[in-house]
Amino acid sequence: MSSEIAVQTRGLTKRFGHHAAVSDLDLEIKEGEVFGLIGPNGAGKTTLIRMLATAEQPTLGEIYIRGQRLQRNQTNADLKRLIGYLPDDFPLYEDLTVWEYLNYFARLYQLRQPRRRQRLSEVLELVQLTHKRRSSVASLSRGMKQRLGLARTIIHEPILLLLDEPVSGLDPLARVQFRELINILREAGMTVLISSHILRDLAELCTSVGIMELGYLVESTSLQNLYQQLSEQQILISTLGDIKALECELRQCPQIEGWQVNSETQQVKVHFTGDQAAAADLLRSLMAARIPLYNFQCIQEDLETIFLDKLDHKQVS
Ligand SMILES: Nc1ncnc2c1ncn2[C@@H]1O[C@H](COP(=O)(O)OP(=O)(O)OP(=O)(O)O)[C@@H](O)[C@H]1O
């Protein structure tokens, strides 16, 4: 297996009794990627992440981290050091100060002095909490607590970060700060898997995206591909006249891939591959053909719509 693959799974499956939380999942994440794992509640994201983090034993299948297989029922100590895992409900010892909290985890990872002190200062600087080093964890805002969680997750300098819903519940400013941190970590060469049930949260953060539903990975693609789909625009056209006459004109246009008619509203949704100038040409030709238009509206699908379309498509196929 190529060493450029940070994470690979083959046939990964987790059953709880008769219920399959993750089913026959083949995943591949290249080194240096920020991979967004998206799916509605209960899709299996947490279960997948927990298996990658060695917090949960798979029922079936294999996991490779940088080409090395995670062994079942073994400590996998060397591989574990490569992984930083931030669960969605990570424990915060509220009575400790920020410094004590991080120091506790650094000791668990057996970081020795003076390196430990140096590393604590480094990560506090990175997550912009140096000024809070003597404050109690309880006194931090939610965004700060999340950044502290991230600091704890990277204290031992892992190469793979597994972050379970880290931005849920954060306000817009805290999200931006968190996003900036992820970018810094990525630039430093880390591979990041980050989950959310909201695609919008991840769109500006990720280089590739996986969509989970009912335990299956229904899509895994680069963000570029996803955006390519976004560039396909649609045009909503409404006529007061005969739909057939409109359809007859639409057939003449080479940039139209197809359309759907809503006969109740006399509205046609056109899948259009042309640019704005071509859309203007289409409008002109419809006017010239004396189609009595009362609406001609160019729209672009947003990420949420694409996401929901994919789920719908996979569920019926
Ligand atoms: N320990 C467990 N015992 C039994 N069922 C479980 C257990 N953990 C998860 N499940 C079930 O497995 C399915 C997937 O759960 P999981 O938490 O992985 O989904 P998720 O995508 O992370 O959801 P959310 O976004 O709500 O966190 C759900 O139906 C859940 O009820």
# chains A, B, ... in the order shown; residues from 1 in each chain; ligands from 1
$ residues_around --residues "Asp95 in chain A" --least-positions-apart "3" --cutoff "9 Å" --atoms "only C-alpha atoms" --output "ChimeraX atom specification"
/A:92,136-138
$ residues_near_ligand --ligand "ligand 1" --cutoff "6 Å" --atoms "only C-alpha atoms and all ligand atoms" --output "list in words"
Phe16, Ala21, Gly39, Pro40, Asn41, Gly42, Ala43, Gly44, Lys45, Thr46, Thr47 and His197 of chain A
$ closest_residue --among "A:Ile154, A:Ile38, A:Leu52, A:Val176" --to "Val7 in chain A" --atoms "only C-alpha atoms"
A:Leu52
$ atom_distance --atom1 "CA of Val167 in chain A" --atom2 "CA of Ile198 in chain A"
9.8 Å
$ residues_around --residues "range 181-183 of chain A" --least-positions-apart "3" --cutoff "9 Å" --atoms "only C-alpha atoms" --output "list in words"
Val34, Leu126, Val127, Arg147, Val176, Gln177, Phe178, Arg186, Glu187, Ala188, Val192 and Leu205 of chain A
$ write_last_selection --atoms "N, CA and C atoms" --output "PDB file, in the first residue's frame"
ATOM      1  N   VAL A  34      -7.619  17.461   4.325  1.00  0.00           N
ATOM      2  CA  VAL A  34      -8.609  17.690   5.385  1.00  0.00           C
ATOM      3  C   VAL A  34      -9.892  17.061   4.848  1.00  0.00           C
ATOM      4  N   LEU A 126      -0.315  28.293  19.777  1.00  0.00           N
ATOM      5  CA  LEU A 126      -1.021  27.928  18.548  1.00  0.00           C
ATOM      6  C   LEU A 126      -2.537  28.140  18.689  1.00  0.00           C
ATOM      7  N   VAL A 127      -3.099  27.711  19.806  1.00  0.00           N
ATOM      8  CA  VAL A 127      -4.560  27.832  19.967  1.00  0.00           C
ATOM      9  C   VAL A 127      -4.963  29.163  20.620  1.00  0.00           C
ATOM     10  N   ARG A 147     -10.901  24.967  21.575  1.00  0.00           N
ATOM     11  CA  ARG A 147      -9.493  25.135  21.170  1.00  0.00           C
ATOM     12  C   ARG A 147      -8.566  24.426  22.159  1.00  0.00           C
ATOM     13  N   VAL A 176     -14.779  30.418  12.857  1.00  0.00           N
ATOM     14  CA  VAL A 176     -13.713  30.967  12.002  1.00  0.00           C
ATOM     15  C   VAL A 176     -12.358  30.704  12.661  1.00  0.00           C
ATOM     16  N   GLN A 177     -12.278  30.946  13.968  1.00  0.00           N
ATOM     17  CA  GLN A 177     -11.006  30.731  14.677  1.00  0.00           C
ATOM     18  C   GLN A 177     -10.591  29.262  14.597  1.00  0.00           C
ATOM     19  N   PHE A 178     -11.571  28.391  14.771  1.00  0.00           N
ATOM     20  CA  PHE A 178     -11.271  26.961  14.730  1.00  0.00           C
ATOM     21  C   PHE A 178     -10.798  26.570  13.330  1.00  0.00           C
ATOM     22  N   ARG A 186      -2.932  21.857   8.964  1.00  0.00           N
ATOM     23  CA  ARG A 186      -2.795  21.227   7.647  1.00  0.00           C
ATOM     24  C   ARG A 186      -1.505  21.702   6.984  1.00  0.00           C
ATOM     25  N   GLU A 187      -1.246  22.997   7.076  1.00  0.00           N
ATOM     26  CA  GLU A 187      -0.015  23.517   6.482  1.00  0.00           C
ATOM     27  C   GLU A 187       1.210  22.905   7.141  1.00  0.00           C
ATOM     28  N   ALA A 188       1.053  22.524   8.399  1.00  0.00           N
ATOM     29  CA  ALA A 188       2.171  21.879   9.115  1.00  0.00           C
ATOM     30  C   ALA A 188       2.289  20.398   8.733  1.00  0.00           C
ATOM     31  N   VAL A 192      -6.207  15.514   8.445  1.00  0.00           N
ATOM     32  CA  VAL A 192      -7.304  15.770   9.387  1.00  0.00           C
ATOM     33  C   VAL A 192      -8.594  15.133   8.871  1.00  0.00           C
ATOM     34  N   LEU A 205     -13.393  24.288   4.783  1.00  0.00           N
ATOM     35  CA  LEU A 205     -12.306  23.734   5.577  1.00  0.00           C
ATOM     36  C   LEU A 205     -11.632  22.565   4.884  1.00  0.00           C
TER      37      LEU A 205
END
$ residues_around --residues "Gly169 in chain A" --least-positions-apart "6" --cutoff "10 Å" --atoms "only C-alpha atoms" --output "list in words"
Arg142, Gly143 and Arg175 of chain A
$ residues_around --residues "Ala203 in chain A" --least-positions-apart "2" --cutoff "10 Å" --atoms "only C-alpha atoms" --output "PyMOL selection string"
chain A and resi 36+198-201+205-209+223+226-227+303
$ write_last_selection --atoms "C-alpha atoms" --output "PDB file, in the first residue's frame"
ATOM      1  CA  GLY A  36     -14.853  16.195   5.875  1.00  0.00           C
ATOM      2  CA  ILE A 198     -23.772  20.174   8.447  1.00  0.00           C
ATOM      3  CA  LEU A 199     -21.967  20.288   5.117  1.00  0.00           C
ATOM      4  CA  ARG A 200     -21.782  24.087   5.229  1.00  0.00           C
ATOM      5  CA  ASP A 201     -19.582  23.841   8.330  1.00  0.00           C
ATOM      6  CA  LEU A 205     -12.306  23.734   5.577  1.00  0.00           C
ATOM      7  CA  CYS A 206     -11.947  20.526   3.630  1.00  0.00           C
ATOM      8  CA  THR A 207     -10.065  19.360   0.601  1.00  0.00           C
ATOM      9  CA  SER A 208     -12.254  16.286   0.216  1.00  0.00           C
ATOM     10  CA  VAL A 209     -15.560  15.074   1.503  1.00  0.00           C
ATOM     11  CA  LEU A 223     -14.253  19.246  -2.815  1.00  0.00           C
ATOM     12  CA  LEU A 226     -18.356  18.759  -5.494  1.00  0.00           C
ATOM     13  CA  TYR A 227     -17.907  22.361  -6.607  1.00  0.00           C
ATOM     14  CA  LEU A 303     -23.898  22.383  -1.138  1.00  0.00           C
TER      15      LEU A 303
END
$ closest_residue --among "A:Tyr85, A:Tyr64, A:Tyr93, A:Trp99" --to "Glu125 in chain A" --atoms "only C-alpha atoms"
A:Trp99
$ residues_around --residues "Glu219 in chain A" --least-positions-apart "4" --cutoff "8 Å" --atoms "only C-alpha atoms" --output "ChimeraX atom specification"
/A:209-212,310
